[in-house]
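Data file: target13.json. Format and content: JSON, C-alpha atoms and all ligand atoms.
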```json
[["chain", "number", "residue", "atom", "x", "y", "z"],
["O", 17, "MET", "CA", 101.11, 138.27, 103.88],
["O", 18, "SER", "CA", 104.88, 138.86, 104.03],
["O", 19, "ASP", "CA", 107.17, 137.18, 101.59],
["O", 20, "ILE", "CA", 110.49, 135.37, 101.91],
["O", 21, "SER", "CA", 112.58, 138.59, 101.85],
["O", 22, "ASP", "CA", 110.55, 140.11, 104.72],
["O", 23, "VAL", "CA", 110.98, 137.00, 106.84],
["O", 24, "ARG", "CA", 114.68, 136.81, 105.97],
["O", 25, "GLN", "CA", 115.02, 140.37, 107.24],
["O", 26, "TRP", "CA", 113.17, 139.54, 110.47],
["O", 27, "LEU", "CA", 115.47, 136.55, 110.90],
["O", 28, "SER", "CA", 118.58, 138.70, 110.55],
["O", 29, "GLN", "CA", 117.20, 141.28, 113.00],
["O", 30, "ALA", "CA", 115.79, 138.82, 115.55],
["O", 31, "THR", "CA", 117.61, 138.03, 118.79],
["O", 32, "ASN", "CA", 115.75, 134.86, 119.81],
["O", 33, "VAL", "CA", 114.20, 132.53, 117.26],
["O", 34, "VAL", "CA", 112.30, 129.32, 118.07],
["O", 35, "ALA", "CA", 111.58, 126.64, 115.49],
["O", 36, "LEU", "CA", 108.59, 124.55, 116.65],
["O", 37, "THR", "CA", 108.61, 121.43, 114.49],
["O", 38, "GLY", "CA", 106.24, 118.52, 113.90],
["O", 39, "ALA", "CA", 106.16, 115.34, 111.86],
["O", 40, "GLY", "CA", 105.99, 117.26, 108.56],
["O", 41, "ILE", "CA", 109.63, 118.34, 108.74],
["O", 42, "SER", "CA", 110.63, 114.67, 108.49],
["O", 43, "ALA", "CA", 108.27, 113.90, 105.59],
["O", 44, "GLU", "CA", 110.95, 114.48, 102.94],
["O", 45, "SER", "CA", 113.24, 112.10, 104.77],
["O", 46, "GLY", "CA", 110.64, 109.44, 104.04],
["O", 47, "VAL", "CA", 109.14, 109.36, 107.54],
["O", 48, "PRO", "CA", 105.35, 109.35, 107.12],
["O", 49, "THR", "CA", 103.68, 112.09, 109.16],
["O", 50, "PHE", "CA", 102.04, 111.01, 112.37],
["O", 51, "ARG", "CA", 98.54, 111.11, 110.99],
["O", 52, "ASP", "CA", 99.55, 109.62, 107.63],
["O", 53, "SER", "CA", 101.81, 107.04, 109.23],
["O", 54, "GLN", "CA", 99.58, 104.04, 109.03],
["O", 55, "THR", "CA", 100.50, 101.89, 106.08],
["O", 56, "GLY", "CA", 100.85, 98.13, 105.56],
["O", 57, "ILE", "CA", 99.86, 96.02, 108.56],
["O", 58, "TRP", "CA", 99.43, 99.18, 110.63],
["O", 59, "ALA", "CA", 96.87, 100.70, 108.23],
["O", 60, "LYS", "CA", 93.96, 99.39, 110.30],
["O", 61, "PHE", "CA", 95.18, 101.08, 113.50],
["O", 62, "ASP", "CA", 94.75, 104.75, 114.44],
["O", 63, "PRO", "CA", 98.09, 106.01, 115.82],
["O", 64, "MET", "CA", 96.14, 107.86, 118.45],
["O", 65, "GLU", "CA", 94.94, 104.51, 119.72],
["O", 66, "LEU", "CA", 98.38, 102.92, 119.72],
["O", 67, "ALA", "CA", 100.33, 105.79, 121.34],
["O", 68, "THR", "CA", 98.81, 105.36, 124.82],
["O", 69, "GLU", "CA", 99.73, 103.48, 127.98],
["O", 70, "GLU", "CA", 96.31, 101.83, 127.94],
["O", 71, "ALA", "CA", 96.98, 100.39, 124.47],
["O", 72, "PHE", "CA", 100.39, 99.14, 125.58],
["O", 73, "ARG", "CA", 99.00, 97.45, 128.69],
["O", 74, "ALA", "CA", 96.15, 95.91, 126.66],
["O", 75, "HIS", "CA", 98.27, 94.82, 123.65],
["O", 76, "PRO", "CA", 101.95, 95.05, 124.67],
["O", 77, "GLN", "CA", 103.30, 93.02, 121.76],
["O", 78, "ARG", "CA", 101.30, 94.96, 119.12],
["O", 79, "VAL", "CA", 102.33, 98.36, 120.45],
["O", 80, "TRP", "CA", 105.95, 97.27, 120.99],
["O", 81, "GLN", "CA", 106.12, 96.01, 117.37],
["O", 82, "TRP", "CA", 104.61, 99.26, 116.06],
["O", 83, "TYR", "CA", 107.40, 101.22, 117.73],
["O", 84, "ALA", "CA", 110.01, 98.69, 116.62],
["O", 85, "SER", "CA", 108.87, 99.08, 112.99],
["O", 86, "ARG", "CA", 109.04, 102.89, 113.31],
["O", 87, "ARG", "CA", 112.49, 102.70, 114.94],
["O", 88, "ASP", "CA", 113.74, 100.45, 112.12],
["O", 89, "MET", "CA", 112.31, 102.79, 109.48],
["O", 90, "VAL", "CA", 113.85, 105.90, 111.06],
["O", 91, "GLY", "CA", 117.20, 104.08, 111.29],
["O", 92, "ARG", "CA", 117.11, 103.70, 107.49],
["O", 93, "VAL", "CA", 116.50, 107.38, 106.62],
["O", 94, "GLU", "CA", 118.59, 110.55, 106.76],
["O", 95, "PRO", "CA", 117.90, 114.12, 107.86],
["O", 96, "ASN", "CA", 116.68, 116.23, 104.92],
["O", 97, "ALA", "CA", 117.52, 119.74, 103.65],
["O", 98, "GLY", "CA", 115.03, 121.25, 106.10],
["O", 99, "HIS", "CA", 116.73, 119.72, 109.15],
["O", 100, "LEU", "CA", 120.15, 120.71, 107.74],
["O", 101, "ALA", "CA", 119.10, 124.30, 107.00],
["O", 102, "LEU", "CA", 118.07, 124.76, 110.64],
["O", 103, "SER", "CA", 121.30, 123.29, 112.01],
["O", 104, "CYS", "CA", 123.45, 125.39, 109.64],
["O", 105, "PHE", "CA", 121.54, 128.54, 110.61],
["O", 106, "ALA", "CA", 122.13, 127.75, 114.29],
["O", 107, "GLU", "CA", 125.84, 127.22, 113.64],
["O", 108, "GLN", "CA", 126.14, 130.51, 111.73],
["O", 109, "ASN", "CA", 124.17, 132.38, 114.41],
["O", 110, "PRO", "CA", 125.29, 130.99, 117.79],
["O", 111, "GLY", "CA", 122.67, 131.29, 120.54],
["O", 112, "LYS", "CA", 119.98, 132.65, 118.24],
["O", 113, "LEU", "CA", 117.88, 129.59, 117.30],
["O", 114, "THR", "CA", 116.41, 126.82, 119.44],
["O", 115, "VAL", "CA", 114.57, 123.87, 117.93],
["O", 116, "VAL", "CA", 111.60, 122.65, 119.96],
["O", 117, "THR", "CA", 110.34, 119.43, 118.39],
["O", 118, "GLN", "CA", 107.30, 117.20, 118.81],
["O", 119, "ASN", "CA", 109.11, 114.55, 116.80],
["O", 120, "VAL", "CA", 110.59, 111.42, 118.33],
["O", 121, "ASP", "CA", 112.70, 110.43, 115.28],
["O", 122, "GLY", "CA", 115.97, 112.09, 116.34],
["O", 123, "LEU", "CA", 116.53, 113.58, 112.86],
["O", 124, "HIS", "CA", 117.20, 117.13, 114.11],
["O", 125, "GLN", "CA", 119.91, 115.75, 116.39],
["O", 126, "ARG", "CA", 121.36, 113.64, 113.56],
["O", 127, "ALA", "CA", 121.45, 116.80, 111.40],
["O", 128, "GLY", "CA", 123.82, 118.31, 113.98],
["O", 129, "GLN", "CA", 121.27, 120.51, 115.75],
["O", 130, "LYS", "CA", 122.49, 121.26, 119.26],
["O", 131, "GLY", "CA", 120.23, 121.82, 122.28],
["O", 132, "VAL", "CA", 117.08, 120.33, 120.74],
["O", 133, "ILE", "CA", 114.14, 120.40, 123.15],
["O", 134, "ALA", "CA", 112.37, 117.07, 122.53],
["O", 135, "LEU", "CA", 108.88, 117.52, 123.97],
["O", 136, "HIS", "CA", 107.68, 113.97, 123.25],
["O", 137, "GLY", "CA", 110.79, 111.91, 124.03],
["O", 138, "SER", "CA", 112.63, 109.59, 121.68],
["O", 139, "LEU", "CA", 111.88, 106.47, 119.64],
["O", 140, "MET", "CA", 115.51, 105.42, 120.17],
["O", 141, "VAL", "CA", 115.36, 104.84, 123.93],
["O", 142, "ASP", "CA", 113.33, 102.50, 126.12],
["O", 143, "THR", "CA", 112.31, 102.82, 129.75],
["O", 144, "TRP", "CA", 110.45, 100.70, 132.31],
["O", 145, "LEU", "CA", 106.65, 100.51, 132.16],
["O", 146, "ASN", "CA", 106.42, 100.38, 135.96],
["O", 147, "PRO", "CA", 108.93, 102.00, 138.36],
["O", 148, "ALA", "CA", 112.12, 99.92, 138.30],
["O", 149, "LYS", "CA", 112.81, 97.66, 141.25],
["O", 150, "GLU", "CA", 116.19, 96.34, 142.49],
["O", 151, "CYS", "CA", 115.85, 93.36, 140.15],
["O", 152, "CYS", "CA", 115.14, 95.46, 137.03],
["O", 153, "ASN", "CA", 118.31, 95.62, 134.93],
["O", 154, "PRO", "CA", 118.04, 96.72, 131.25],
["O", 155, "ASP", "CA", 121.01, 94.46, 130.47],
["O", 156, "HIS", "CA", 119.18, 91.36, 131.69],
["O", 157, "LEU", "CA", 115.87, 91.06, 129.87],
["O", 158, "THR", "CA", 113.70, 88.25, 128.58],
["O", 159, "ALA", "CA", 113.77, 87.56, 124.83],
["O", 160, "GLU", "CA", 110.05, 88.34, 124.46],
["O", 161, "GLU", "CA", 108.44, 91.35, 122.76],
["O", 162, "PRO", "CA", 108.29, 93.59, 124.73],
["O", 163, "PRO", "CA", 111.34, 92.47, 126.69],
["O", 164, "ALA", "CA", 110.78, 92.30, 130.47],
["O", 165, "CYS", "CA", 112.63, 91.87, 133.75],
["O", 166, "PRO", "CA", 112.96, 88.09, 134.21],
["O", 167, "ALA", "CA", 112.53, 88.45, 137.97],
["O", 168, "CYS", "CA", 109.42, 90.65, 138.29],
["O", 169, "GLY", "CA", 108.03, 90.83, 134.73],
["O", 170, "ASN", "CA", 108.27, 94.63, 134.53],
["O", 171, "MET", "CA", 108.12, 95.39, 130.78],
["O", 172, "ARG", "CA", 110.28, 97.75, 128.76],
["O", 173, "ARG", "CA", 108.34, 100.52, 126.92],
["O", 174, "PRO", "CA", 109.34, 103.11, 124.32],
["O", 175, "GLY", "CA", 110.85, 106.31, 125.80],
["O", 176, "VAL", "CA", 108.16, 108.50, 124.19],
["O", 177, "VAL", "CA", 105.38, 110.61, 125.75],
["O", 178, "TRP", "CA", 102.08, 108.86, 125.13],
["O", 179, "PHE", "CA", 98.73, 110.63, 124.85],
["O", 180, "GLY", "CA", 97.45, 111.21, 128.37],
["O", 181, "GLU", "CA", 100.99, 111.38, 129.77],
["O", 182, "ASN", "CA", 102.65, 114.57, 131.00],
["O", 183, "LEU", "CA", 105.49, 115.99, 128.96],
["O", 184, "PRO", "CA", 108.95, 116.06, 130.59],
["O", 185, "ARG", "CA", 108.60, 119.01, 132.96],
["O", 186, "ARG", "CA", 111.97, 120.67, 132.37],
["O", 187, "ALA", "CA", 111.64, 120.41, 128.58],
["O", 188, "LEU", "CA", 108.15, 121.91, 128.62],
["O", 189, "GLU", "CA", 109.09, 124.70, 131.03],
["O", 190, "ARG", "CA", 112.15, 125.61, 128.93],
["O", 191, "ALA", "CA", 110.04, 125.56, 125.74],
["O", 192, "GLN", "CA", 107.41, 127.80, 127.36],
["O", 193, "GLN", "CA", 110.11, 130.22, 128.53],
["O", 194, "LEU", "CA", 111.58, 130.39, 125.00],
["O", 195, "ALA", "CA", 108.13, 130.86, 123.47],
["O", 196, "GLU", "CA", 107.51, 133.82, 125.73],
["O", 197, "GLN", "CA", 110.90, 135.40, 125.04],
["O", 198, "CYS", "CA", 111.33, 134.87, 121.29],
["O", 199, "ASP", "CA", 110.97, 137.58, 118.65],
["O", 200, "LEU", "CA", 110.13, 135.07, 115.93],
["O", 201, "MET", "CA", 108.71, 131.53, 115.93],
["O", 202, "LEU", "CA", 108.90, 129.33, 112.85],
["O", 203, "VAL", "CA", 106.09, 126.72, 113.08],
["O", 204, "ILE", "CA", 107.18, 123.96, 110.75],
["O", 205, "GLY", "CA", 105.35, 120.81, 109.64],
["O", 206, "THR", "CA", 102.73, 120.51, 112.34],
["O", 207, "SER", "CA", 98.96, 120.22, 112.17],
["O", 208, "GLY", "CA", 98.91, 122.09, 115.48],
["O", 209, "VAL", "CA", 96.35, 119.82, 117.13],
["O", 210, "VAL", "CA", 98.47, 118.21, 119.86],
["O", 211, "TYR", "CA", 98.73, 120.09, 123.15],
["O", 212, "PRO", "CA", 100.53, 121.43, 125.10],
["O", 213, "ALA", "CA", 103.06, 121.59, 122.19],
["O", 214, "ALA", "CA", 100.74, 123.50, 119.86],
["O", 215, "GLY", "CA", 100.00, 125.95, 122.68],
["O", 216, "LEU", "CA", 103.59, 127.21, 122.43],
["O", 217, "ALA", "CA", 102.75, 129.02, 119.19],
["O", 218, "ARG", "CA", 99.87, 130.84, 120.86],
["O", 219, "MET", "CA", 102.12, 131.72, 123.81],
["O", 220, "ALA", "CA", 104.69, 133.21, 121.43],
["O", 221, "ALA", "CA", 102.07, 135.22, 119.53],
["O", 222, "ASN", "CA", 100.48, 136.47, 122.76],
["O", 223, "ALA", "CA", 103.92, 137.56, 123.98],
["O", 224, "GLY", "CA", 104.37, 139.64, 120.82],
["O", 225, "ALA", "CA", 106.47, 137.32, 118.63],
["O", 226, "SER", "CA", 105.92, 137.06, 114.90],
["O", 227, "VAL", "CA", 104.75, 133.55, 113.99],
["O", 228, "VAL", "CA", 105.63, 132.16, 110.56],
["O", 229, "VAL", "CA", 104.01, 128.87, 109.46],
["O", 230, "ILE", "CA", 105.66, 126.52, 106.95],
["O", 231, "ASN", "CA", 103.26, 123.81, 105.83],
["O", 232, "PRO", "CA", 101.94, 122.69, 102.41],
["O", 233, "GLU", "CA", 98.46, 122.38, 103.97],
["O", 234, "SER", "CA", 96.46, 124.62, 106.26],
["O", 235, "SER", "CA", 96.94, 124.01, 109.98],
["O", 236, "ALA", "CA", 95.23, 124.87, 113.24],
["O", 237, "LEU", "CA", 97.92, 127.48, 113.91],
["O", 238, "ASP", "CA", 97.56, 129.46, 110.66],
["O", 239, "ASP", "CA", 95.43, 132.10, 112.39],
["O", 240, "LEU", "CA", 98.44, 133.10, 114.51],
["O", 241, "ALA", "CA", 100.75, 133.57, 111.54],
["O", 242, "VAL", "CA", 101.93, 136.85, 110.07],
["O", 243, "SER", "CA", 103.11, 134.71, 107.19],
["O", 244, "CYS", "CA", 102.22, 131.22, 105.92],
["O", 245, "PHE", "CA", 104.51, 129.54, 103.40],
["O", 246, "ARG", "CA", 102.48, 126.87, 101.61],
["O", 247, "GLY", "CA", 105.33, 124.57, 100.76],
["O", 248, "ALA", "CA", 107.49, 121.67, 101.85],
["O", 249, "SER", "CA", 109.94, 122.55, 104.62],
["O", 250, "ALA", "CA", 112.86, 120.93, 102.74],
["O", 251, "ILE", "CA", 112.27, 123.50, 99.99],
["O", 252, "VAL", "CA", 111.24, 126.57, 102.00],
["O", 253, "LEU", "CA", 113.75, 126.38, 104.87],
["O", 254, "PRO", "CA", 116.95, 126.39, 102.77],
["O", 255, "GLU", "CA", 115.62, 129.44, 100.90],
["O", 256, "LEU", "CA", 114.50, 131.19, 104.08],
["O", 257, "LEU", "CA", 117.65, 130.48, 106.09],
["O", 258, "ALA", "CA", 120.34, 130.45, 103.36],
["O", 259, "LEU", "CA", 123.51, 132.24, 104.34],
["O", 260, "GLN", "CA", 121.81, 134.14, 107.13],
["O", 261, "SER", "CA", 124.26, 135.49, 109.63],
["O", 262, "SER", "CA", 123.57, 138.07, 112.28],
["J", 301, "LIG", "C1", 99.12, 115.95, 128.13],
["J", 301, "LIG", "C2", 104.97, 110.55, 120.89],
["J", 301, "LIG", "C3", 98.56, 116.40, 130.38],
["J", 301, "LIG", "C4", 104.29, 109.22, 120.69],
["J", 301, "LIG", "C5", 103.18, 112.17, 120.62],
["J", 301, "LIG", "C6", 92.15, 113.72, 126.74],
["J", 301, "LIG", "C7", 92.90, 112.93, 127.61],
["J", 301, "LIG", "C8", 94.25, 113.15, 127.80],
["J", 301, "LIG", "C9", 94.87, 114.17, 127.11],
["J", 301, "LIG", "C10", 94.11, 114.92, 126.24],
["J", 301, "LIG", "C11", 92.76, 114.73, 126.06],
["J", 301, "LIG", "N1", 92.32, 115.63, 125.15],
["J", 301, "LIG", "C12", 93.35, 116.39, 124.74],
["J", 301, "LIG", "C13", 94.43, 115.97, 125.40],
["J", 301, "LIG", "C14", 95.71, 116.48, 125.28],
["J", 301, "LIG", "C15", 96.44, 115.57, 124.30],
["J", 301, "LIG", "C16", 96.14, 116.09, 122.91],
["J", 301, "LIG", "O1", 96.65, 117.12, 122.54],
["J", 301, "LIG", "N2", 95.27, 115.39, 122.17],
["J", 301, "LIG", "C17", 94.90, 115.91, 120.86],
["J", 301, "LIG", "C18", 95.16, 114.89, 119.79],
["J", 301, "LIG", "C19", 93.45, 116.35, 120.92],
["J", 301, "LIG", "N3", 97.82, 115.74, 124.65],
["J", 301, "LIG", "C20", 98.39, 114.87, 125.48],
["J", 301, "LIG", "O2", 97.87, 113.86, 125.90],
["J", 301, "LIG", "C21", 99.78, 115.27, 125.91],
["J", 301, "LIG", "N4", 99.88, 115.19, 127.35],
["J", 301, "LIG", "O3", 98.28, 116.71, 127.73],
["J", 301, "LIG", "O4", 99.40, 115.75, 129.47],
["J", 301, "LIG", "C22", 97.39, 115.49, 130.61],
["J", 301, "LIG", "C23", 97.63, 114.29, 131.26],
["J", 301, "LIG", "C24", 96.54, 113.48, 131.54],
["J", 301, "LIG", "C25", 95.24, 113.87, 131.15],
["J", 301, "LIG", "C26", 95.05, 115.06, 130.48],
["J", 301, "LIG", "C27", 96.12, 115.87, 130.20],
["J", 301, "LIG", "C28", 100.79, 114.33, 125.32],
["J", 301, "LIG", "C29", 100.87, 114.57, 123.82],
["J", 301, "LIG", "C30", 102.07, 113.81, 123.25],
["J", 301, "LIG", "C31", 101.61, 112.61, 122.46],
["J", 301, "LIG", "N5", 102.76, 111.94, 121.84],
["J", 301, "LIG", "N6", 104.26, 111.56, 120.13],
["J", 301, "LIG", "C32", 104.50, 108.70, 119.30],
["J", 301, "LIG", "O5", 105.06, 109.40, 118.43],
["J", 301, "LIG", "O6", 104.10, 107.53, 119.08],
["J", 301, "LIG", "S1", 102.40, 113.32, 119.68],
["J", 301, "LIG", "C33", 102.44, 112.89, 118.04],
["J", 301, "LIG", "O7", 101.64, 113.87, 117.37],
["J", 301, "LIG", "C34", 103.80, 113.02, 117.35],
["J", 301, "LIG", "O8", 104.85, 113.35, 118.20],
["J", 301, "LIG", "C35", 103.57, 114.17, 116.36],
["J", 301, "LIG", "O9", 104.68, 114.94, 116.15],
["J", 301, "LIG", "C36", 102.56, 114.91, 117.11],
["J", 301, "LIG", "C37", 101.85, 116.06, 116.57],
["J", 301, "LIG", "O10", 101.43, 115.82, 115.29],
["J", 301, "LIG", "P1", 102.19, 116.63, 114.13],
["J", 301, "LIG", "O11", 103.65, 116.65, 114.41],
["J", 301, "LIG", "O12", 101.53, 117.92, 113.94],
["J", 301, "LIG", "O13", 102.00, 115.64, 112.97],
["J", 301, "LIG", "P2", 100.70, 115.52, 112.04],
["J", 301, "LIG", "O14", 100.85, 114.24, 111.28],
["J", 301, "LIG", "O15", 99.46, 115.77, 112.83],
["J", 301, "LIG", "O16", 100.83, 116.74, 111.03],
["J", 301, "LIG", "C38", 101.91, 116.78, 110.12],
["J", 301, "LIG", "C39", 101.84, 118.13, 109.46],
["J", 301, "LIG", "O17", 102.95, 118.23, 108.56],
["J", 301, "LIG", "C40", 100.58, 118.35, 108.64],
["J", 301, "LIG", "O18", 100.05, 119.63, 108.93],
["J", 301, "LIG", "C41", 101.09, 118.31, 107.19],
["J", 301, "LIG", "O19", 100.36, 119.19, 106.35],
["J", 301, "LIG", "C42", 102.49, 118.80, 107.36],
["J", 301, "LIG", "N7", 103.43, 118.37, 106.30],
["J", 301, "LIG", "C43", 103.36, 117.26, 105.53],
["J", 301, "LIG", "N8", 104.42, 117.23, 104.69],
["J", 301, "LIG", "C44", 105.17, 118.35, 104.96],
["J", 301, "LIG", "C45", 104.54, 119.07, 105.99],
["J", 301, "LIG", "N9", 105.03, 120.22, 106.46],
["J", 301, "LIG", "C46", 106.17, 120.69, 105.93],
["J", 301, "LIG", "N10", 106.84, 120.05, 104.94],
["J", 301, "LIG", "C47", 106.37, 118.89, 104.45],
["J", 301, "LIG", "N11", 107.02, 118.25, 103.44]]
```

Could you rewrite the structure in this file as structure tokens?
Amino acid sequence: MSDISDVRQWLSQATNVVALTGAGISAESGVPTFRDSQTGIWAKFDPMELATEEAFRAHPQRVWQWYASRRDMVGRVEPNAGHLALSCFAEQNPGKLTVVTQNVDGLHQRAGQKGVIALHGSLMVDTWLNPAKECCNPDHLTAEEPPACPACGNMRRPGVVWFGENLPRRALERAQQLAEQCDLMLVIGTSGVVYPAAGLARMAANAGASVVVINPESSALDDLAVSCFRGASAIVLPELLALQSS
């Protein structure tokens, strides 16, 4: 297994680097990871069962309130040293690094990261559950939870990609293109079980990139890695990326 100095050298020599991030990169900001997220009143629900259109149609108020509680919580936290290390590296090495994230918390963007590819949408925006009609105006909604069009009852829904829904096509295609072209992929804070996002790491490895995993626990993508750093991303990333410039 390579150590930090090897990976730092690869980073300085690389032309195209992709950082594929998951919920773990936001853990040190105080955002529970997706699979550890259920605390308090949400403890009895499996996130996998809430993050679907079926769940929303069956229990709109419950699912809407779950997202509202997550949106409130994310609004109260800040990007951590891991997010900041990535955005500083990108600033010091223009055009070299692209962040492809599974996260919906917007923390990479709030850390100043430009050109983030958000595979699973955003907690911070809503959209219509059914295709909008003439009458559907987001500025004129009922006061219920979830809010709806007063004329036709079309409900607002979180602007995230639910399980069973296709990812935004352009984002996925761009991420696949980058995975195939990169020299190095940092796989940060993801259990690697959600597809097609996790498949990007395999695409990168199959195309000849070096894959480096940063995760305190083992993950489903470890087998692809030339190096696994068993640590928190807010600790490892600043050390790995510090004062790197091409
Ligand atoms: C799709 C938005 C085509 C919502 C998310 C059956 C029917 C339908 C689909 C499927 C099916 N079987 C399989 C699928 C595909 C499915 C899938 O992958 N399922 C898995 C679970 C088996 N995928 C989909 O449905 C995707 N769409 O395939 O469309 C299609 C269409 C119709 C029918 C078939 C196919 C859509 C997937 C997107 C789902 N939406 N988010 C929301 O957030 O509410 S995904 C959700 O999980 C989050 O975005 C999260 O980011 C993501 C992935 O999880 P991780 O990020 O890895 O988070 P996790 O908690 O798992 O792990 C955290 C890691 O961090 C851990 O490893 C931990 O050790 C580590 N960690 C902890 N602390 C730290 C740390 N690391 C570093 N530092 C630390 N300090």

What residues of the protein or nucleic acid chains come within 8 Å of ligand LIG 301 (chain J) when you use all atoms listed in the file? Reply as a PyMOL selection string.
chain O and resi 37-44+48-53+63-64+66-68+83+117-120+135-139+176-183+204-213+230-235+247-250

| Neighbours of Ala191 of chain O within 9 Å (all atoms listed in the file; same-chain residues fewer than 5 positions away dropped), as a list in words? | Val34, Val116, Ile133, Leu135, Arg186, Glu196, Ala213 and Leu216 of chain O

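Counting all atoms listed in the file, the residue from O:Pro184, O:Gly131, O:Gly111, O:Pro166 that sits nearest to Thr31 of chain O is O:Gly111.
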
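With distances restricted to all atoms listed in the file, O:Arg92 is the closest residue to Val47 of chain O from O:Arg92, O:Arg218, O:Arg126, O:Lys112.
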
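The smallest atom-to-atom distance between Leu237 of chain O and any of O:Cys198, O:Leu257, O:Leu27, O:Leu36, using all atoms listed in the file, is found for O:Leu36.
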
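Counting only C-alpha atoms, the residue from O:Pro76, O:Phe245, O:Gln129, O:Val33 that sits nearest to Ala101 of chain O is O:Gln129.
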
In terms of only C-alpha atoms, the residue from O:Ala134, O:Leu253, O:Ala223, O:Met171 at minimal distance from Glu189 of chain O is O:Ala134

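Between atom CA of Asp142 of chain O and atom CA of His156 of chain O there is a distance of 13.8 Å.
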
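A straight line drawn from atom CA of Pro95 of chain O to atom CA of Lys130 of chain O is 14.2 Å long.
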
Atom pair atom CA of His75 of chain O + atom CA of Gly91 of chain O, distance 24.4 Å

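If only C-alpha atoms are the atoms counted, then among O:Asn109, O:Ala148, O:Arg185, O:Gln125 the closest residue to Ala167 of chain O is O:Ala148.
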
Compile the contact shell of Leu240 of chain O as a PyMOL selection string: residues with an atom at most 8 Å away, counting only C-alpha atoms, same-chain residues fewer than 2 positions apart removed. chain O and resi 217-218+221+227+237-238+242

For those residues, write C-alpha atoms to a file as a PDB file, keeping the file's coordinate frame.
```
ATOM      1  CA  ALA O 217     102.750 129.020 119.190  1.00  0.00           C
ATOM      2  CA  ARG O 218      99.870 130.840 120.860  1.00  0.00           C
ATOM      3  CA  ALA O 221     102.070 135.220 119.530  1.00  0.00           C
ATOM      4  CA  VAL O 227     104.750 133.550 113.990  1.00  0.00           C
ATOM      5  CA  LEU O 237      97.920 127.480 113.910  1.00  0.00           C
ATOM      6  CA  ASP O 238      97.560 129.460 110.660  1.00  0.00           C
ATOM      7  CA  VAL O 242     101.930 136.850 110.070  1.00  0.00           C
TER       8      VAL O 242
END
```

Inset, instruction - Please provide as a list of chain:residue names all residues within 12 Å of Arg78 of chain O, with the sequence filter that same-chain residues fewer than 4 positions apart are discarded (counting all atoms listed in the file). - result: O:Ile57, O:Trp58, O:Phe61, O:Pro63, O:Glu65, O:Leu66, O:Ala67, O:Ala71, O:Phe72, O:Arg73, O:Ala74, O:Trp82, O:Tyr83, O:Ala84, O:Ser85, O:Glu161, O:Pro162, O:Arg173

Write the residues you've just listed into a file as a compact mmCIF listing (two decimals), in the frame of the given file, and include C-alpha atoms for each of them.
```txt
# COMPACT_ATOMS: atom_id res chain seq x y z
CA ILE O 57 99.86 96.02 108.56
CA TRP O 58 99.43 99.18 110.63
CA PHE O 61 95.18 101.08 113.50
CA PRO O 63 98.09 106.01 115.82
CA GLU O 65 94.94 104.51 119.72
CA LEU O 66 98.38 102.92 119.72
CA ALA O 67 100.33 105.79 121.34
CA ALA O 71 96.98 100.39 124.47
CA PHE O 72 100.39 99.14 125.58
CA ARG O 73 99.00 97.45 128.69
CA ALA O 74 96.15 95.91 126.66
CA TRP O 82 104.61 99.26 116.06
CA TYR O 83 107.40 101.22 117.73
CA ALA O 84 110.01 98.69 116.62
CA SER O 85 108.87 99.08 112.99
CA GLU O 161 108.44 91.35 122.76
CA PRO O 162 108.29 93.59 124.73
CA ARG O 173 108.34 100.52 126.92
```

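Residues near the point (110.3, 99.3, 132.9), at a distance of 6 Å or less over all atoms listed in the file, make up Thr143, Trp144, Leu145, Asn146, Ala148, Asn170, Met171 and Arg172 of chain O.
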